[in-house]
Structure formats: structure tokens, C-alpha cells
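Quick notes on the structure that follows.
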Amino acid sequence: MLALSIEGQSWAHRVPVGWKLGVVFALTLVVFPVRELPLLVVLLAGNLALYLSLGRVGFRNGISALRPLVWFAVIIAGYHAVIGDILAGAVIVAKMIGLVAAANFMTMTSRISDMMDWVMWALTPLTFLGVKVQRIALAFALVIRFTPTLSQRGKQLAEAWKARSKRRVGTRIVAPLAISALDDADHVAEALRARGGLQ
């Protein structure tokens with residue numbers, strides 16, 4: 001659900017990656033224990049303002065990346081409605097959307113190479129323990145890079161299923177999506193080995 005970096009020279013693009021990662025981390029710590037819905041509405045409004053500050057393209061891409069959350073929100077809200085605790089469900093949904101939106105804003109306005117550099121810098125002390133921080137930074141970048149790719153692949157499989165059958169998609173695309181993800185992982189691993197990236 002995280003969007004790739006969008007081209008641009010907005011104020012957010014000029015903020016160092018470390019600061020943005022720090023804000024997202026601090027925001028998570030602060031928001032997690034909050035139970036007051038009005039405060040979470042402020043968080044959502046703040047994210048909306050941030051997206052609007054990126055212009056029409058940035059706003060559209062940011063909102064589009066959050067669409068997969070709708071299903072999670074419906075499930076969570078529905079469950080809490082059944083057990084008679086709608087407010088708790090609304091709080092959980094607001095936290096989820098607010099924090100994912102903040103993380104998405106960070107990835108949209110940061111280059112993957114900059115994020116890798118920051119992760120390597122932050123993990124430098126671990127090199128004294130023999131940890132190869134380059135691998136961790138690479139894994140970090142690959143997760144961010146392939147999350148939207150897998151999301152798009154899932155949409156394509158769902159559309160292909162709908163074009164061939166009147167039955168609901170349900171969980172039928174899980175297996176082909178997993179196989180596709182594993183196939184992509186094999187290709188990436190081969191490419192990294194060919195370039196010495198897994199040494």
C-alpha cells in the first residue's frame with residue numbers, strides 16, 4: 001500500500017529522509033495509545049493537508065495507494081459493529097489509515113536510494129558485530145519497491161478472473177499471486193547474484 005516516490009520539487013521532497021522517518025516513527029509511538037476519536041480525526045485531516053500540498057498528481061497517487069485499506073476498514077468496522085463497539089472500531093480504523101497514510105507520504109516524497117543510505121547510516125554501529133548492513137538496507141528498499149508492485153499484480157489477477165468468470169474472486173487469486181511473487185523474487189535474486197549484490 002506504499003506508493004513509489006513521485007517526481008517533484010515540493011517542500012516535502014527537500015526534507016531529509018532521516019527527519020521524515022523519525023517523524024513517522026514518533027507519530028506511531030504517540031498515536032498508538034490514543035483512544036480519542038477527535039484526536040485521530042485531526043491526524044487524518046493533517047494527512048489530507050499533506051497530500052494536498054503535493055498538488056493534483058501527488059494527491060491522486062497518495063489516495064489511490066490507500067484504497068486497499070478500504071477492505072480492512074470494512075472488516076474491522078463490521079466486526080466491531082457486530083459486537084456492539086462501533087467507537088472502538090472507528091478508532092482502530094482511523095489509526096490504521098492515519099499511520100499508513102503518513103508512511104505512504106514519506107515514501108512518496110523520498111528516493112529509495114536516499115532511504116537505503118539512511119538505513120545504512122543508522123545501522124552502522126551493527127557493523128562492529130559483523131552485521132552486513134548493506135543487506136538490510138537492500139531488503140528495506142525491496143520491500144518498499146515491491147509492495148505497490150504486488151498490489152498492482154493482485155488487481156490485474158482479479159480483473160482477469162472477472163473477465164473469465166461470473167463467480168466472485170474471493171481467495172482464488174491468492175495462490176497465483178504467491179507464485180508470481182516467488183517467481184519475481186527468483187528473478188531479482190538471480191539479477192543480484194549476477195551483479196555481486198548478495199555477497
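Identifiers in this document derive from the order of the C-alpha cells: chains are assigned A, B, ..., residues are numbered from 1 separately in each chain, and ligands are numbered from 1 in order of occurrence.
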Give the alpha helix (DSSP H) residues of range 44-144 of chain A, as assigned by DSSP on the backbone, as a ChimeraX atom specification.
/A:44-52,55-65,69-82,86-108,112-122,133-144
Expressed in Å, the length from CA of Asp114 in chain A to CA of Val17 in chain A is 6.7 Å
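Comparing the minimum interatomic distances between Lys20 in chain A and each of A:Ala137, A:Leu142, A:Ile92, A:Met115, counting only C-alpha atoms, we find that A:Met115 sits nearest.
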Residues within 9 Å of range 21-38 of chain A, only C-alpha atoms, excluding chain neighbours under 3 positions, as a PyMOL selection string
chain A and resi 16-18+41-43+87-88+90-92+94-95+99+102-103+106+115
For those residues, write all heavy atoms to a file as a short mmCIF file (atom, residue, chain, number, x, y, z; two decimals), in the first residue's frame.
```cif
data_model
loop_
_atom_site.label_atom_id
_atom_site.label_comp_id
_atom_site.auth_asym_id
_atom_site.auth_seq_id
_atom_site.Cartn_x
_atom_site.Cartn_y
_atom_site.Cartn_z
N PRO A 16 15.05 16.15 4.57
CA PRO A 16 15.90 14.96 4.64
C PRO A 16 15.11 13.72 5.04
O PRO A 16 14.18 13.78 5.84
CB PRO A 16 16.93 15.32 5.72
CG PRO A 16 16.98 16.82 5.69
CD PRO A 16 15.58 17.26 5.39
N VAL A 17 15.49 12.58 4.45
CA VAL A 17 14.79 11.32 4.71
C VAL A 17 14.79 10.98 6.20
O VAL A 17 13.79 10.50 6.74
CB VAL A 17 15.44 10.18 3.91
CG1 VAL A 17 14.86 8.83 4.34
CG2 VAL A 17 15.23 10.39 2.43
N GLY A 18 15.91 11.22 6.87
CA GLY A 18 16.01 10.90 8.29
C GLY A 18 14.94 11.60 9.12
O GLY A 18 14.36 10.99 10.04
N VAL A 41 -9.10 12.10 14.19
CA VAL A 41 -9.65 12.85 13.05
C VAL A 41 -8.69 13.98 12.67
O VAL A 41 -8.50 14.28 11.49
CB VAL A 41 -11.05 13.40 13.39
CG1 VAL A 41 -11.52 14.36 12.29
CG2 VAL A 41 -12.04 12.27 13.56
N VAL A 42 -8.07 14.58 13.67
CA VAL A 42 -7.07 15.62 13.41
C VAL A 42 -5.89 15.02 12.63
O VAL A 42 -5.36 15.64 11.71
CB VAL A 42 -6.58 16.24 14.73
CG1 VAL A 42 -5.40 17.18 14.47
CG2 VAL A 42 -7.71 17.00 15.42
N LEU A 43 -5.49 13.80 13.02
CA LEU A 43 -4.40 13.11 12.30
C LEU A 43 -4.78 12.90 10.84
O LEU A 43 -3.97 13.15 9.93
CB LEU A 43 -4.11 11.77 12.98
CG LEU A 43 -3.17 10.81 12.22
CD1 LEU A 43 -1.78 11.41 12.11
CD2 LEU A 43 -3.13 9.45 12.91
N LEU A 87 -17.44 2.53 18.35
CA LEU A 87 -16.43 3.55 18.61
C LEU A 87 -15.02 2.95 18.57
O LEU A 87 -14.11 3.53 17.98
CB LEU A 87 -16.67 4.20 19.97
CG LEU A 87 -15.66 5.28 20.38
CD1 LEU A 87 -15.64 6.40 19.35
CD2 LEU A 87 -15.98 5.82 21.76
N ALA A 88 -14.84 1.78 19.18
CA ALA A 88 -13.53 1.13 19.17
C ALA A 88 -13.11 0.80 17.74
O ALA A 88 -11.93 0.95 17.37
CB ALA A 88 -13.55 -0.14 20.02
N ALA A 90 -14.04 2.39 15.02
CA ALA A 90 -13.70 3.64 14.35
C ALA A 90 -12.31 4.12 14.74
O ALA A 90 -11.55 4.63 13.90
CB ALA A 90 -14.74 4.71 14.69
N VAL A 91 -11.95 3.93 16.02
CA VAL A 91 -10.63 4.34 16.50
C VAL A 91 -9.54 3.52 15.81
O VAL A 91 -8.53 4.06 15.35
CB VAL A 91 -10.53 4.17 18.03
CG1 VAL A 91 -9.08 4.28 18.50
CG2 VAL A 91 -11.39 5.23 18.73
N ILE A 92 -9.75 2.20 15.72
CA ILE A 92 -8.75 1.33 15.08
C ILE A 92 -8.59 1.68 13.61
O ILE A 92 -7.47 1.78 13.09
CB ILE A 92 -9.16 -0.14 15.24
CG1 ILE A 92 -9.09 -0.55 16.71
CG2 ILE A 92 -8.24 -1.04 14.41
CD1 ILE A 92 -9.62 -1.94 16.99
N ALA A 94 -9.26 4.54 12.12
CA ALA A 94 -8.64 5.86 11.99
C ALA A 94 -7.13 5.77 12.22
O ALA A 94 -6.34 6.41 11.51
CB ALA A 94 -9.27 6.83 12.98
N LYS A 95 -6.71 4.98 13.20
CA LYS A 95 -5.27 4.80 13.46
C LYS A 95 -4.59 4.15 12.25
O LYS A 95 -3.53 4.59 11.80
CB LYS A 95 -5.05 3.92 14.69
CG LYS A 95 -5.33 4.59 16.02
CD LYS A 95 -5.01 3.62 17.15
CE LYS A 95 -5.33 4.23 18.50
NZ LYS A 95 -5.02 3.29 19.61
N LEU A 99 -1.80 6.24 10.11
CA LEU A 99 -0.38 5.87 10.15
C LEU A 99 0.12 5.38 8.80
O LEU A 99 1.24 5.69 8.39
CB LEU A 99 -0.16 4.82 11.23
CG LEU A 99 -0.38 5.30 12.67
CD1 LEU A 99 -0.22 4.15 13.65
CD2 LEU A 99 0.60 6.43 13.01
N ALA A 102 0.62 8.36 6.60
CA ALA A 102 1.85 9.08 6.94
C ALA A 102 3.07 8.38 6.35
O ALA A 102 3.97 9.02 5.78
CB ALA A 102 1.98 9.20 8.45
N ALA A 103 3.10 7.05 6.49
CA ALA A 103 4.22 6.28 5.93
C ALA A 103 4.24 6.39 4.40
O ALA A 103 5.30 6.50 3.78
CB ALA A 103 4.12 4.82 6.36
N MET A 106 5.69 9.61 3.29
CA MET A 106 7.15 9.59 3.39
C MET A 106 7.79 8.91 2.19
O MET A 106 8.75 9.42 1.61
CB MET A 106 7.56 8.87 4.69
CG MET A 106 9.05 8.86 4.98
SD MET A 106 9.90 7.44 4.24
CE MET A 106 9.15 6.10 5.15
N MET A 115 16.68 6.52 1.10
CA MET A 115 16.26 5.72 2.24
C MET A 115 17.26 4.62 2.55
O MET A 115 17.54 4.32 3.71
CB MET A 115 14.87 5.12 1.97
CG MET A 115 13.74 6.15 2.05
SD MET A 115 12.09 5.42 1.95
CE MET A 115 11.94 5.23 0.17
#
```
I'd like the neighbourhood of range 156-158 of chain A as a list in words, where a residue qualifies if any of its atoms comes within 8 Å (using only C-alpha atoms), though same-chain residues fewer than 4 positions away should be ignored.
Gln152, Lys162, Val169, Ile173 and Leu177 of chain A
Nearest to His80 in chain A, chosen from A:Asp183, A:Ile136, A:Val15, A:Val93, with only C-alpha atoms counted in the distances:
A:Val93
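Here CA of Ser53 in chain A is placed at a distance of 28.2 Å from CA of Lys155 in chain A.
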Rounded to one decimal in Å, what is the spacing between CA of Arg56 in chain A and CA of Asp117 in chain A?
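Here the two named atoms are 29.4 Å from each other.
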